[in-house]
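Below is data_25.pdb, which holds PDB, C-alpha atoms.
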ATOM      1  CA  MET A 125      91.616 -13.768 -19.888
ATOM      2  CA  PRO A 126      89.242 -15.894 -21.992
ATOM      3  CA  ALA A 127      90.384 -16.554 -25.547
ATOM      4  CA  GLY A 128      89.002 -14.311 -28.246
ATOM      5  CA  THR A 129      88.068 -11.328 -26.093
ATOM      6  CA  LEU A 130      91.342  -9.384 -26.456
ATOM      7  CA  TYR A 131      90.454  -6.283 -28.443
ATOM      8  CA  ARG A 132      92.927  -5.613 -31.220
ATOM      9  CA  GLY A 133      91.485  -2.761 -33.222
ATOM     10  CA  ARG A 134      94.411  -1.789 -35.449
ATOM     11  CA  GLU A 135      94.448   1.943 -36.396
ATOM     12  CA  GLY A 136      91.383   2.760 -34.306
ATOM     13  CA  MET A 137      92.757   1.256 -31.092
ATOM     14  CA  TRP A 138      96.342   2.458 -31.456
ATOM     15  CA  SER A 139      95.303   6.043 -32.187
ATOM     16  CA  TRP A 140      93.091   5.863 -29.076
ATOM     17  CA  VAL A 141      96.060   4.612 -26.993
ATOM     18  CA  ALA A 142      98.345   7.329 -28.396
ATOM     19  CA  HIS A 143      95.686   9.996 -27.759
ATOM     20  CA  ARG A 144      95.392   8.881 -24.139
ATOM     21  CA  VAL A 145      99.150   8.655 -23.494
ATOM     22  CA  THR A 146      99.902  12.053 -25.082
ATOM     23  CA  GLY A 147      96.966  13.613 -23.196
ATOM     24  CA  VAL A 148      98.254  12.444 -19.799
ATOM     25  CA  LEU A 149     101.824  13.601 -20.583
ATOM     26  CA  ILE A 150     100.606  17.049 -21.714
ATOM     27  CA  PHE A 151      98.488  17.433 -18.540
ATOM     28  CA  PHE A 152     101.504  16.742 -16.300
ATOM     29  CA  PHE A 153     103.595  19.235 -18.272
ATOM     30  CA  LEU A 154     100.832  21.845 -18.020
ATOM     31  CA  PHE A 155     100.841  21.505 -14.217
ATOM     32  CA  VAL A 156     104.631  22.083 -14.057
ATOM     33  CA  HIS A 157     104.423  24.895 -16.635
ATOM     34  CA  VAL A 158     101.863  26.898 -14.617
ATOM     35  CA  LEU A 159     104.113  26.502 -11.544
ATOM     36  CA  ASP A 160     107.243  27.744 -13.369
ATOM     37  CA  THR A 161     105.342  30.671 -14.904
ATOM     38  CA  ALA A 162     104.066  31.612 -11.428
ATOM     39  CA  LEU A 163     107.695  32.445 -10.541
ATOM     40  CA  VAL A 164     107.266  35.778 -12.401
ATOM     41  CA  ARG A 165     105.507  36.856  -9.189
ATOM     42  CA  VAL A 166     108.610  36.014  -7.125
ATOM     43  CA  SER A 167     111.341  37.917  -8.966
ATOM     44  CA  PRO A 168     112.702  38.346 -12.518
ATOM     45  CA  GLU A 169     115.908  36.564 -11.457
ATOM     46  CA  THR A 170     114.102  33.488 -10.076
ATOM     47  CA  TYR A 171     112.036  33.239 -13.248
ATOM     48  CA  ASP A 172     115.021  33.623 -15.583
ATOM     49  CA  GLU A 173     117.060  31.044 -13.627
ATOM     50  CA  THR A 174     114.203  28.531 -13.911
ATOM     51  CA  VAL A 175     113.596  29.222 -17.599
ATOM     52  CA  ALA A 176     117.333  28.564 -18.156
ATOM     53  CA  ILE A 177     116.528  24.886 -17.443
ATOM     54  CA  TYR A 178     114.280  24.929 -20.541
ATOM     55  CA  LYS A 179     117.335  25.975 -22.563
ATOM     56  CA  THR A 180     119.566  23.020 -21.595
ATOM     57  CA  PRO A 181     120.025  20.412 -24.383
ATOM     58  CA  LEU A 182     118.104  17.602 -22.643
ATOM     59  CA  VAL A 183     115.072  19.738 -21.741
ATOM     60  CA  ASN A 184     115.170  21.423 -25.164
ATOM     61  CA  LEU A 185     114.904  17.951 -26.699
ATOM     62  CA  MET A 186     111.967  17.217 -24.367
ATOM     63  CA  GLU A 187     110.319  20.380 -25.739
ATOM     64  CA  TYR A 188     110.551  18.839 -29.196
ATOM     65  CA  GLY A 189     108.860  15.769 -27.691
ATOM     66  CA  LEU A 190     106.199  18.033 -26.164
ATOM     67  CA  VAL A 191     105.566  19.583 -29.583
ATOM     68  CA  ALA A 192     105.256  16.046 -31.011
ATOM     69  CA  ALA A 193     102.724  15.068 -28.336
ATOM     70  CA  VAL A 194     100.674  18.282 -28.623
ATOM     71  CA  LEU A 195     100.608  18.147 -32.452
ATOM     72  CA  PHE A 196      99.429  14.530 -32.454
ATOM     73  CA  HIS A 197      96.815  15.166 -29.746
ATOM     74  CA  ALA A 198      95.534  18.263 -31.591
ATOM     75  CA  LEU A 199      95.345  16.702 -35.064
ATOM     76  CA  ASN A 200      93.944  13.383 -33.845
ATOM     77  CA  GLY A 201      91.492  15.306 -31.644
ATOM     78  CA  LEU A 202      90.122  17.009 -34.758
ATOM     79  CA  ARG A 203      89.832  13.529 -36.311
ATOM     80  CA  VAL A 204      87.826  12.354 -33.268
ATOM     81  CA  VAL A 205      85.509  15.371 -33.678
ATOM     82  CA  ALA A 206      85.073  14.466 -37.367
ATOM     83  CA  VAL A 207      84.309  10.825 -36.493
ATOM     84  CA  ASP A 208      81.668  11.973 -33.979
ATOM     85  CA  PHE A 209      80.006  14.811 -35.903
ATOM     86  CA  TRP A 210      80.567  14.111 -39.611
ATOM     87  CA  SER A 211      78.141  11.579 -41.098
ATOM     88  CA  LYS A 212      80.947   9.835 -43.029
ATOM     89  CA  GLY A 213      83.500  10.233 -40.226
ATOM     90  CA  ALA A 214      83.491   6.621 -39.036
ATOM     91  CA  LYS A 215      83.757   5.356 -42.615
ATOM     92  CA  TYR A 216      86.881   7.409 -43.348
ATOM     93  CA  GLN A 217      88.532   7.170 -39.898
ATOM     94  CA  LYS A 218      91.536   5.211 -41.219
ATOM     95  CA  GLN A 219      92.163   7.593 -44.098
ATOM     96  CA  MET A 220      91.833  10.492 -41.653
ATOM     97  CA  LEU A 221      94.404   8.900 -39.321
ATOM     98  CA  TRP A 222      96.938   8.603 -42.139
ATOM     99  CA  THR A 223      96.199  12.207 -43.111
ATOM    100  CA  VAL A 224      96.851  13.182 -39.475
ATOM    101  CA  MET A 225     100.136  11.248 -39.440
ATOM    102  CA  THR A 226     101.266  12.838 -42.726
ATOM    103  CA  ILE A 227     100.538  16.394 -41.530
ATOM    104  CA  TRP A 228     102.193  15.514 -38.207
ATOM    105  CA  GLY A 229     105.329  14.275 -40.000
ATOM    106  CA  VAL A 230     105.570  17.396 -42.168
ATOM    107  CA  LEU A 231     105.089  19.752 -39.191
ATOM    108  CA  MET A 232     107.588  17.798 -37.053
ATOM    109  CA  ALA A 233     110.197  18.032 -39.804
ATOM    110  CA  GLY A 234     109.520  21.751 -40.097
ATOM    111  CA  ALA A 235     109.706  22.273 -36.317
ATOM    112  CA  PHE A 236     113.020  20.408 -35.905
ATOM    113  CA  TYR A 237     115.351  23.321 -36.551
ATOM    114  CA  PRO A 238     113.332  26.202 -34.986
ATOM    115  CA  VAL A 239     112.616  24.284 -31.760
ATOM    116  CA  LEU A 240     116.106  22.781 -31.359
ATOM    117  CA  ARG A 241     118.024  25.791 -32.715
ATOM    118  CA  HIS A 242     119.127  26.858 -29.227
ATOM    119  CA  THR A 243     120.736  23.462 -28.549
ATOM    120  CA  LEU A 244     122.195  23.130 -32.049
ATOM    121  CA  HIS A 245     123.840  26.534 -31.661
ATOM    122  CA  THR A 246     125.209  25.918 -28.162
ATOM    123  CA  LEU A 247     126.497  22.417 -28.952
ATOM    124  CA  PHE A 248     127.835  22.935 -32.469
ATOM    125  CA  GLY A 249     128.514  26.675 -32.496
ATOM    126  CA  SER A 250     126.705  29.310 -34.478
TER     127      SER A 250
ATOM    128  CA  MET B  97      65.991 -30.045 -18.218
ATOM    129  CA  SER B  98      64.258 -27.320 -20.205
ATOM    130  CA  THR B  99      61.284 -29.623 -20.768
ATOM    131  CA  GLU B 100      60.806 -30.090 -17.032
ATOM    132  CA  THR B 101      60.822 -26.340 -16.389
ATOM    133  CA  ALA B 102      58.366 -25.784 -19.193
ATOM    134  CA  ASN B 103      56.015 -28.478 -17.818
ATOM    135  CA  ALA B 104      56.171 -27.041 -14.300
ATOM    136  CA  GLY B 105      55.377 -23.589 -15.675
ATOM    137  CA  THR B 106      52.377 -24.791 -17.647
ATOM    138  CA  GLY B 107      51.065 -26.695 -14.640
ATOM    139  CA  ALA B 108      51.237 -23.666 -12.353
ATOM    140  CA  ALA B 109      49.599 -21.409 -14.909
ATOM    141  CA  GLY B 110      46.875 -23.986 -15.483
ATOM    142  CA  SER B 111      45.923 -24.245 -11.812
ATOM    143  CA  ALA B 112      45.929 -20.450 -11.413
ATOM    144  CA  ASP B 113      43.764 -20.117 -14.486
ATOM    145  CA  GLY B 114      41.232 -22.526 -13.088
ATOM    146  CA  GLU B 115      40.785 -20.696  -9.785
ATOM    147  CA  ARG B 116      40.130 -17.115 -10.978
ATOM    148  CA  THR B 117      38.823 -15.814 -14.261
ATOM    149  CA  TYR B 118      38.884 -12.080 -14.836
ATOM    150  CA  SER B 119      35.876 -10.396 -16.429
ATOM    151  CA  VAL B 120      34.244  -6.968 -16.535
ATOM    152  CA  ASP B 121      32.795  -7.548 -13.046
ATOM    153  CA  ASN B 122      36.035  -9.052 -11.719
ATOM    154  CA  PRO B 123      38.873  -7.085 -13.365
ATOM    155  CA  ALA B 124      42.539  -8.009 -13.035
ATOM    156  CA  PRO B 125      44.521  -5.797 -10.649
ATOM    157  CA  VAL B 126      46.396  -2.961 -12.333
ATOM    158  CA  ILE B 127      50.186  -3.325 -12.110
ATOM    159  CA  ALA B 128      52.204  -0.101 -12.465
ATOM    160  CA  PRO B 129      54.696  -0.118 -15.371
ATOM    161  CA  PRO B 130      58.098  -1.067 -13.949
ATOM    162  CA  ARG B 131      59.768   2.255 -14.799
ATOM    163  CA  ALA B 132      56.918   4.591 -13.879
ATOM    164  CA  ARG B 133      57.972   7.530 -11.667
ATOM    165  CA  THR B 134      56.077   7.627  -8.397
ATOM    166  CA  GLY B 135      56.325   9.785  -5.285
ATOM    167  CA  LYS B 136      58.866   7.322  -3.926
ATOM    168  CA  THR B 137      61.211   7.558  -6.916
ATOM    169  CA  PRO B 138      64.469   9.184  -5.800
ATOM    170  CA  LYS B 139      64.963  12.598  -7.411
ATOM    171  CA  ALA B 140      68.750  12.318  -7.608
ATOM    172  CA  THR B 141      69.405  10.963 -11.053
ATOM    173  CA  ARG B 142      72.774  11.408 -12.779
ATOM    174  CA  GLY B 143      71.349  13.826 -15.304
ATOM    175  CA  ASN B 144      73.289  14.549 -18.469
ATOM    176  CA  PHE B 145      76.658  15.201 -16.806
ATOM    177  CA  GLU B 146      78.625  12.704 -18.901
ATOM    178  CA  MET B 147      77.044  13.960 -22.123
ATOM    179  CA  HIS B 148      77.968  17.532 -21.227
ATOM    180  CA  THR B 149      81.588  16.589 -20.452
ATOM    181  CA  TRP B 150      81.728  14.671 -23.755
ATOM    182  CA  LEU B 151      80.527  17.777 -25.609
ATOM    183  CA  PHE B 152      82.885  20.028 -23.620
ATOM    184  CA  MET B 153      85.889  17.891 -24.620
ATOM    185  CA  ARG B 154      85.101  18.384 -28.302
ATOM    186  CA  LEU B 155      84.262  22.105 -28.169
ATOM    187  CA  SER B 156      87.171  23.056 -25.872
ATOM    188  CA  GLY B 157      89.456  20.822 -27.967
ATOM    189  CA  ILE B 158      88.700  22.757 -31.145
ATOM    190  CA  VAL B 159      89.366  26.099 -29.411
ATOM    191  CA  LEU B 160      92.548  24.713 -27.781
ATOM    192  CA  VAL B 161      93.967  23.645 -31.148
ATOM    193  CA  VAL B 162      94.125  27.349 -32.094
ATOM    194  CA  LEU B 163      95.191  28.650 -28.661
ATOM    195  CA  VAL B 164      97.879  26.031 -27.927
ATOM    196  CA  LEU B 165      99.391  25.752 -31.414
ATOM    197  CA  GLY B 166      99.550  29.569 -31.557
ATOM    198  CA  HIS B 167     101.229  29.580 -28.142
ATOM    199  CA  LEU B 168     103.814  26.960 -29.204
ATOM    200  CA  LEU B 169     104.497  28.866 -32.424
ATOM    201  CA  ILE B 170     105.201  32.103 -30.536
ATOM    202  CA  GLN B 171     107.172  30.564 -27.652
ATOM    203  CA  LEU B 172     109.193  27.816 -29.357
ATOM    204  CA  VAL B 173     109.379  28.562 -33.088
ATOM    205  CA  LEU B 174     109.294  32.292 -33.933
ATOM    206  CA  ASP B 175     111.955  34.869 -32.961
ATOM    207  CA  GLY B 176     114.758  32.444 -32.087
ATOM    208  CA  GLY B 177     112.628  29.846 -30.309
ATOM    209  CA  VAL B 178     113.228  29.214 -26.597
ATOM    210  CA  THR B 179     116.342  31.497 -26.548
ATOM    211  CA  LYS B 180     114.318  34.719 -26.173
ATOM    212  CA  ILE B 181     112.120  33.581 -23.280
ATOM    213  CA  GLY B 182     112.695  35.417 -20.018
ATOM    214  CA  PHE B 183     111.043  37.865 -17.644
ATOM    215  CA  ALA B 184     111.331  40.718 -20.161
ATOM    216  CA  PHE B 185     109.622  38.665 -22.867
ATOM    217  CA  VAL B 186     106.731  37.721 -20.545
ATOM    218  CA  ALA B 187     106.372  41.369 -19.474
ATOM    219  CA  GLY B 188     106.232  42.449 -23.107
ATOM    220  CA  ARG B 189     103.487  39.999 -23.960
ATOM    221  CA  TRP B 190     101.308  40.552 -20.880
ATOM    222  CA  ALA B 191     101.418  44.308 -21.506
ATOM    223  CA  SER B 192      98.678  43.548 -24.036
ATOM    224  CA  PRO B 193      95.184  42.627 -22.810
ATOM    225  CA  PHE B 194      94.820  40.454 -25.940
ATOM    226  CA  TRP B 195      97.540  38.046 -24.813
ATOM    227  CA  GLN B 196      96.322  38.176 -21.203
ATOM    228  CA  VAL B 197      92.879  37.014 -22.339
ATOM    229  CA  TRP B 198      94.470  34.445 -24.684
ATOM    230  CA  ASP B 199      96.556  32.953 -21.859
ATOM    231  CA  LEU B 200      93.711  33.068 -19.343
ATOM    232  CA  LEU B 201      91.320  31.283 -21.712
ATOM    233  CA  MET B 202      94.021  28.761 -22.609
ATOM    234  CA  LEU B 203      94.752  28.100 -18.921
ATOM    235  CA  TRP B 204      91.110  27.473 -18.007
ATOM    236  CA  LEU B 205      90.190  25.407 -21.061
ATOM    237  CA  ALA B 206      93.390  23.332 -21.011
ATOM    238  CA  MET B 207      93.150  22.593 -17.279
ATOM    239  CA  LEU B 208      89.462  21.607 -17.437
ATOM    240  CA  HIS B 209      90.015  19.586 -20.631
ATOM    241  CA  GLY B 210      93.021  17.831 -19.070
ATOM    242  CA  ALA B 211      91.321  17.285 -15.707
ATOM    243  CA  ASN B 212      88.311  15.676 -17.369
ATOM    244  CA  GLY B 213      90.625  13.518 -19.492
ATOM    245  CA  LEU B 214      92.448  12.315 -16.387
ATOM    246  CA  ARG B 215      89.117  11.727 -14.627
ATOM    247  CA  THR B 216      88.224   9.348 -17.462
ATOM    248  CA  VAL B 217      91.608   7.615 -17.187
ATOM    249  CA  VAL B 218      91.227   7.201 -13.397
ATOM    250  CA  ASN B 219      87.690   5.844 -13.834
ATOM    251  CA  ASP B 220      88.989   3.351 -16.414
ATOM    252  CA  TYR B 221      92.005   1.943 -14.580
ATOM    253  CA  ALA B 222      91.530   2.411 -10.806
ATOM    254  CA  GLU B 223      89.381  -0.576  -9.897
ATOM    255  CA  ARG B 224      89.007  -0.166  -6.124
ATOM    256  CA  ASP B 225      86.362   2.375  -5.035
ATOM    257  CA  ASN B 226      88.684   3.951  -2.468
ATOM    258  CA  THR B 227      91.607   4.282  -4.870
ATOM    259  CA  ARG B 228      89.367   5.854  -7.483
ATOM    260  CA  PHE B 229      87.881   8.307  -4.987
ATOM    261  CA  TRP B 230      91.207   9.512  -3.599
ATOM    262  CA  LEU B 231      92.908   9.742  -6.996
ATOM    263  CA  LYS B 232      90.065  11.952  -8.181
ATOM    264  CA  MET B 233      90.208  14.080  -5.010
ATOM    265  CA  LEU B 234      93.945  14.567  -5.649
ATOM    266  CA  LEU B 235      93.200  15.437  -9.278
ATOM    267  CA  TYR B 236      90.480  17.971  -8.403
ATOM    268  CA  THR B 237      92.640  19.581  -5.705
ATOM    269  CA  ALA B 238      95.611  19.945  -8.078
ATOM    270  CA  THR B 239      93.317  21.309 -10.808
ATOM    271  CA  VAL B 240      91.645  23.945  -8.620
ATOM    272  CA  PHE B 241      95.036  24.972  -7.186
ATOM    273  CA  THR B 242      96.651  25.288 -10.638
ATOM    274  CA  VAL B 243      93.752  27.188 -12.222
ATOM    275  CA  LEU B 244      93.543  29.645  -9.311
ATOM    276  CA  LEU B 245      97.315  30.144  -9.133
ATOM    277  CA  GLY B 246      97.564  30.738 -12.897
ATOM    278  CA  THR B 247      94.622  33.157 -12.886
ATOM    279  CA  LEU B 248      96.111  35.071  -9.968
ATOM    280  CA  VAL B 249      99.493  35.320 -11.726
ATOM    281  CA  ILE B 250      97.957  36.701 -14.937
ATOM    282  CA  PHE B 251      95.805  39.269 -13.101
ATOM    283  CA  THR B 252      98.440  40.441 -10.594
ATOM    284  CA  PHE B 253     101.483  40.424 -12.913
ATOM    285  CA  ASP B 254     103.730  43.411 -12.177
ATOM    286  CA  PRO B 255     106.428  44.247 -14.770
ATOM    287  CA  ASN B 256     108.096  46.582 -12.240
ATOM    288  CA  ILE B 257     108.313  43.978  -9.475
ATOM    289  CA  ARG B 258     111.959  45.053  -9.058
TER     290      ARG B 258
END

Target encoding structure tokens, full file:
Amino acid sequence: MPAGTLYRGREGMWSWVAHRVTGVLIFFFLFVHVLDTALVRVSPETYDETVAIYKTPLVNLMEYGLVAAVLFHALNGLRVVAVDFWSKGAKYQKQMLWTVMTIWGVLMAGAFYPVLRHTLHTLFGS
Amino acid sequence: MSTETANAGTGAAGSADGERTYSVDNPAPVIAPPRARTGKTPKATRGNFEMHTWLFMRLSGIVLVVLVLGHLLIQLVLDGGVTKIGFAFVAGRWASPFWQVWDLLMLWLAMLHGANGLRTVVNDYAERDNTRFWLKMLLYTATVFTVLLGTLVIFTFDPNIR
């Protein structure tokens, strides 16, 4: 690679990378999620047995990760819309990213107990 | 080197100038503008496909923020989180046309939004023509299959399956 052509765009580039990575992860989950939901057409037992996997500690923790990915992709997506359609969007893109990260942090803190309650109760008792 | 090229150019132009001079009686031949559309211009242009997908990503994204965050709130946060989810819970929700339409719209928009996102990713990173083509065929097949399966499940759901 020739010197000086490596793009290092700070907040702009890293939010783009994170948007892309979270988007791909969410798409793969969506594919699996439609398949597991389709089991309601097989039998109630098959569906309930499969959904039980979502209630194991490891997968429950992955759900918290899914919430993290979806929240970032949603909030940053709104920032991308603002950059594209708001006349001052490009000027304030950094401030908007830090706003996104702040809201994301608050929502993630708030989602910790409700999302992981099942695991917390099974592992540490009610 | 540039001086030589310049000299050669001037020389050629000079000799051409000397041989023919255009006037009202001897007009210069008309050359069609390079981008003019003629009968031979192929009709198949790319159109505005990429602009429409760009717009779709933004519009569907805004709608999905509401649909998906609402879905996560109901499924993973309210009423005991993931604990309550089971066949009975699904049956209760799909008894209402409102949630059927919600889930159907979410399925279609999310799958198309995700499929177009992955199409962009494949176009960006798969460098060989063949690889790119087959990855996209796999993507489109999986997308059509998932959308149709999901739609079928929502429309044919039977709470009294057993």

**Message:** Going by the chain IDs and residue numbers used in this file, which residues fall under the PyMOL selection byres ((chain B) within 7 of (chain A))? Write them as a PyMOL selection string.
**Reply:** chain B and resi 154+157-158+161+172-173+177-179+182-183+210+214+242+246+249+253+257

**Asked** Could you state the separation of atom CA of A:Gly133 and atom CA of B:Asn144 in Å, given to one decimal place?
**Response** 29.1 Å

**Proximity to A:Thr146 - best of A:Leu182, A:Gly213, A:Gly249, A:Gly189, only C-alpha atoms** =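 Closest residue, counting only C-alpha atoms: A:Gly189.
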
**Request:** Identify, on the basis of all atoms listed in the file, every residue whose closest approach to B:Asp199 does not exceed 12 Å; exclude the query and any residue fewer than 3 positions from it along the same chain; express the result as a list of chain:residue names.
**Result:**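 Result of the neighbour search: A:Val158, A:Thr161, B:Leu160, B:Val162, B:Leu163, B:Val164, B:Gly166, B:His167, B:Leu168, B:Val186, B:Arg189, B:Trp190, B:Ser192, B:Pro193, B:Phe194, B:Trp195, B:Gln196, B:Met202, B:Leu203, B:Trp204, B:Leu205, B:Ala206, B:Met207, B:Val243, B:Gly246, B:Thr247, B:Val249, B:Ile250, B:Phe251.
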
Taking all atoms of stretch 250-256 of chain B that the file lists and extending 5 Å past them on each side, where is the centre of the axis-aligned box and how long are its edges? Answer in Å to one decimal, as lines of an AutoDock Vina configuration file.
center_x = 102.0
center_y = 41.6
center_z = -12.8
size_x = 22.3
size_y = 19.9
size_z = 14.3

**Complete:** note - atom CA of B:Val197 and atom CA of B:Ser156 are separated by 15.5 Å

**Request:** Mind giving me the straight-line distance from atom CA of A:Val207 to atom CA of A:Met220 in Å, one decimal?
**Result:**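 Separation of atom CA of A:Val207 and atom CA of A:Met220: 9.1 Å.
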